[in-house]
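Below is one structure, written out as structure tokens; the observations come after it.
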Amino acid sequence: MKLHRRKFIKTLGISIFVVIFQFKSLYAAAKKIVNSNLSNKQKNIMFKEGTERPFSSELLNEKRKGFYYCANCENKLFASNSKFDSGTGWPSFSEALPGAFKTKTDYTFGMERVEYHCAKCGAHHGHVFNDGPRESGKRFCNNGLCLIFKPE
Ligand SMILES: [Zn+2]
């Protein structure tokens, strides 16, 4: 009886491990490095959900007309008219282009935050908050290192 139970627990343990492992590799498969020129800093943000230092992005002062693209896969993400100065130190946008991102609720640091990532390559870009000053009410707080700006 005891032996059976031990065997059952062991089998159950392995099954759980296999399920978690498969889930993890499925999730990992959705993320893909396309741009082999990404720096370590960019990879840390985009694939390990890191964050750049506030006020470090050159894009903070970018005010030209154009579009912002994913630094990894060049997916078109934001139009310049949605950019605003949030004072947080990260490039901020009131809305993303349709279908640009997918979201996931993130519980890191004991806070509930909505993380968003590129719908095409899965790279993490930032978090979206519901305290935006414009009509959408949204504030996309994006790491500048994940973006490429192309003026029009
Ligand atoms: Zn991408």
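Just remember, in the structure tokens the first chain shown is A, the second B, etc., residues are 1-based per chain, and ligands are 1-based in the order shown.
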At a cut-off of 7 Å, can you tabulate as a tab-separated table every residue of chain A near ligand 1 together with its closest atom pair and the distance in Å to one decimal, using only C-alpha atoms and all ligand atoms and ordering rows by chain then number?
```
residue	atom	partner	partner_atom_place_in_ligand_line	distance
A:Cys70	CA	ligand 1	1 (Zn)	4.7
A:Ala71	CA	ligand 1	1 (Zn)	6.7
A:Asn72	CA	ligand 1	1 (Zn)	5.1
A:Cys73	CA	ligand 1	1 (Zn)	4.2
A:Glu74	CA	ligand 1	1 (Zn)	6.0
A:Asn75	CA	ligand 1	1 (Zn)	5.3
A:Cys118	CA	ligand 1	1 (Zn)	4.6
A:Ala119	CA	ligand 1	1 (Zn)	6.7
A:Lys120	CA	ligand 1	1 (Zn)	5.2
A:Cys121	CA	ligand 1	1 (Zn)	4.2
A:Gly122	CA	ligand 1	1 (Zn)	6.1
A:Ala123	CA	ligand 1	1 (Zn)	5.6
```
What does the file look like for those residues with C-alpha atoms, as an mmCIF file, in the first residue's frame?
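Final output, saved to part27.cif:
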```cif
data_model
loop_
_atom_site.group_PDB
_atom_site.id
_atom_site.type_symbol
_atom_site.label_atom_id
_atom_site.label_comp_id
_atom_site.auth_asym_id
_atom_site.auth_seq_id
_atom_site.Cartn_x
_atom_site.Cartn_y
_atom_site.Cartn_z
ATOM 1 C CA CYS A 70 9.493 46.774 -32.622
ATOM 2 C CA ALA A 71 13.316 46.775 -32.377
ATOM 3 C CA ASN A 72 13.296 43.023 -32.778
ATOM 4 C CA CYS A 73 10.863 42.264 -35.613
ATOM 5 C CA GLU A 74 9.927 45.735 -36.966
ATOM 6 C CA ASN A 75 6.233 45.254 -36.259
ATOM 7 C CA CYS A 118 4.730 42.360 -29.461
ATOM 8 C CA ALA A 119 1.995 40.321 -31.133
ATOM 9 C CA LYS A 120 4.394 39.246 -33.870
ATOM 10 C CA CYS A 121 7.605 38.199 -32.051
ATOM 11 C CA GLY A 122 6.502 38.014 -28.395
ATOM 12 C CA ALA A 123 9.114 40.503 -27.152
#
```
Apply DSSP to the backbone of this structure and, from chain A, keep only the residues in alpha helix (DSSP H); write these as a ChimeraX atom specification. /A:2-30,40-48
Near Tyr116 (chain A), counting only C-alpha atoms, which residues have an atom at most 6 Å away, once you skip same-chain residues fewer than 6 positions from it, shown as a list in words?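 Counting only the stated atoms, we get Lys102, Thr103, Gly126 and His127 of chain A.
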Which is closer to Lys63 (chain A) than all the others in A:Asp106, A:Glu49, A:Glu112, A:Asp85, using only C-alpha atoms?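 Selected residue with least distance to Lys63 (chain A): A:Asp85.
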Excluding same-chain residues fewer than 6 positions from Lys104 (chain A), what lies within 9 Å of it counting only C-alpha atoms, as a ChimeraX atom specification? /A:113-117
Okay, now the selection with N, CA and C atoms, as a tab-separated table (two decimals), in the first residue's frame?
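part.tsv, freshly written:
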```tsv
chain	number	residue	atom	x	y	z
A	113	ARG	N	-0.09	44.22	-12.56
A	113	ARG	CA	0.17	45.13	-13.67
A	113	ARG	C	-0.10	44.39	-14.97
A	114	VAL	N	-0.47	45.13	-16.00
A	114	VAL	CA	-0.71	44.48	-17.29
A	114	VAL	C	0.51	44.69	-18.17
A	115	GLU	N	1.19	43.59	-18.42
A	115	GLU	CA	2.39	43.57	-19.26
A	115	GLU	C	1.93	43.43	-20.70
A	116	TYR	N	2.61	44.07	-21.64
A	116	TYR	CA	2.26	43.83	-23.04
A	116	TYR	C	3.50	43.47	-23.86
A	117	HIS	N	3.26	42.64	-24.86
A	117	HIS	CA	4.36	42.18	-25.70
A	117	HIS	C	3.95	42.20	-27.16
```
Here CA of Ser57 (chain A) and CA of Leu145 (chain A) stand apart by 7.0 Å
List the neighbours of Val128 (chain A) out to 6 Å using only C-alpha atoms; skip same-chain residues closer than 6 positions along the sequence, and give me the result as an mmCIF file with C-alpha atoms, in the first residue's frame.
```
data_model
loop_
_atom_site.group_PDB
_atom_site.id
_atom_site.type_symbol
_atom_site.label_atom_id
_atom_site.label_comp_id
_atom_site.auth_asym_id
_atom_site.auth_seq_id
_atom_site.Cartn_x
_atom_site.Cartn_y
_atom_site.Cartn_z
ATOM 1 C CA VAL A 114 -0.708 44.481 -17.293
ATOM 2 C CA ARG A 139 -0.857 54.894 -20.714
ATOM 3 C CA PHE A 140 1.478 52.519 -22.523
ATOM 4 C CA CYS A 141 4.760 52.809 -20.643
#
```
In region 87-142 of chain A, DSSP strand (DSSP E or B) residues written as a count of residues only: 24
Please provide the set of residues having any atom within 12 Å of Lys76 (chain A), restricted to only C-alpha atoms, with same-chain residues fewer than 6 positions apart removed, written as a PyMOL selection string. chain A and resi 66-70+96-101+118-121+146-150
Could you please take those selected residues and save C-alpha atoms as a PDB file, in the first residue's frame?
```pdb
ATOM      1  CA  GLY A  66       6.270  59.037 -37.862  1.00  0.00           C
ATOM      2  CA  PHE A  67       5.870  55.544 -36.484  1.00  0.00           C
ATOM      3  CA  TYR A  68       7.464  53.422 -33.770  1.00  0.00           C
ATOM      4  CA  TYR A  69       8.431  49.853 -34.606  1.00  0.00           C
ATOM      5  CA  CYS A  70       9.493  46.774 -32.622  1.00  0.00           C
ATOM      6  CA  ALA A  96      -1.189  51.274 -29.748  1.00  0.00           C
ATOM      7  CA  LEU A  97      -1.940  50.462 -33.369  1.00  0.00           C
ATOM      8  CA  PRO A  98      -4.657  47.785 -33.707  1.00  0.00           C
ATOM      9  CA  GLY A  99      -3.323  44.255 -33.149  1.00  0.00           C
ATOM     10  CA  ALA A 100       0.209  45.469 -32.330  1.00  0.00           C
ATOM     11  CA  PHE A 101       0.356  43.897 -28.872  1.00  0.00           C
ATOM     12  CA  CYS A 118       4.730  42.360 -29.461  1.00  0.00           C
ATOM     13  CA  ALA A 119       1.995  40.321 -31.133  1.00  0.00           C
ATOM     14  CA  LYS A 120       4.394  39.246 -33.870  1.00  0.00           C
ATOM     15  CA  CYS A 121       7.605  38.199 -32.051  1.00  0.00           C
ATOM     16  CA  CYS A 146      12.536  48.143 -27.594  1.00  0.00           C
ATOM     17  CA  LEU A 147      11.513  50.756 -30.151  1.00  0.00           C
ATOM     18  CA  ILE A 148      12.821  52.024 -33.447  1.00  0.00           C
ATOM     19  CA  PHE A 149      11.461  55.364 -34.646  1.00  0.00           C
ATOM     20  CA  LYS A 150      11.095  56.065 -38.324  1.00  0.00           C
TER      21      LYS A 150
END
```
Near Lys83 (chain A), counting only C-alpha atoms, which residues have an atom at most 6 Å away, once you skip same-chain residues fewer than 3 positions from it, shown as a list of chain:residue names?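 Here the answer would be A:Ser80, A:Ser92, A:Phe93.
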Written file, previous selection with C-alpha atoms, as a PDB file, in the first residue's frame:
```pdb
ATOM      1  CA  SER A  80       3.692  59.525 -33.227  1.00  0.00           C
ATOM      2  CA  SER A  92       4.558  56.894 -23.232  1.00  0.00           C
ATOM      3  CA  PHE A  93       1.673  56.433 -25.605  1.00  0.00           C
TER       4      PHE A  93
END
```
Could you check how far CA of Gly144 (chain A) sits from CA of Glu58 (chain A), in Å to one decimal?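 One can read the CA of Gly144 (chain A) to CA of Glu58 (chain A) distance as 7.4 Å.
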Distance in Å - CA of Leu60 (chain A) versus CA of Lys48 (chain A):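 Straight-line distance from CA of Leu60 (chain A) to CA of Lys48 (chain A) works out to 22.8 Å.
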With only C-alpha atoms as the atoms that count, which of A:Phe47, A:Gly89, A:Tyr107, A:Ser82 lies nearest to Arg134 (chain A)? A:Ser82
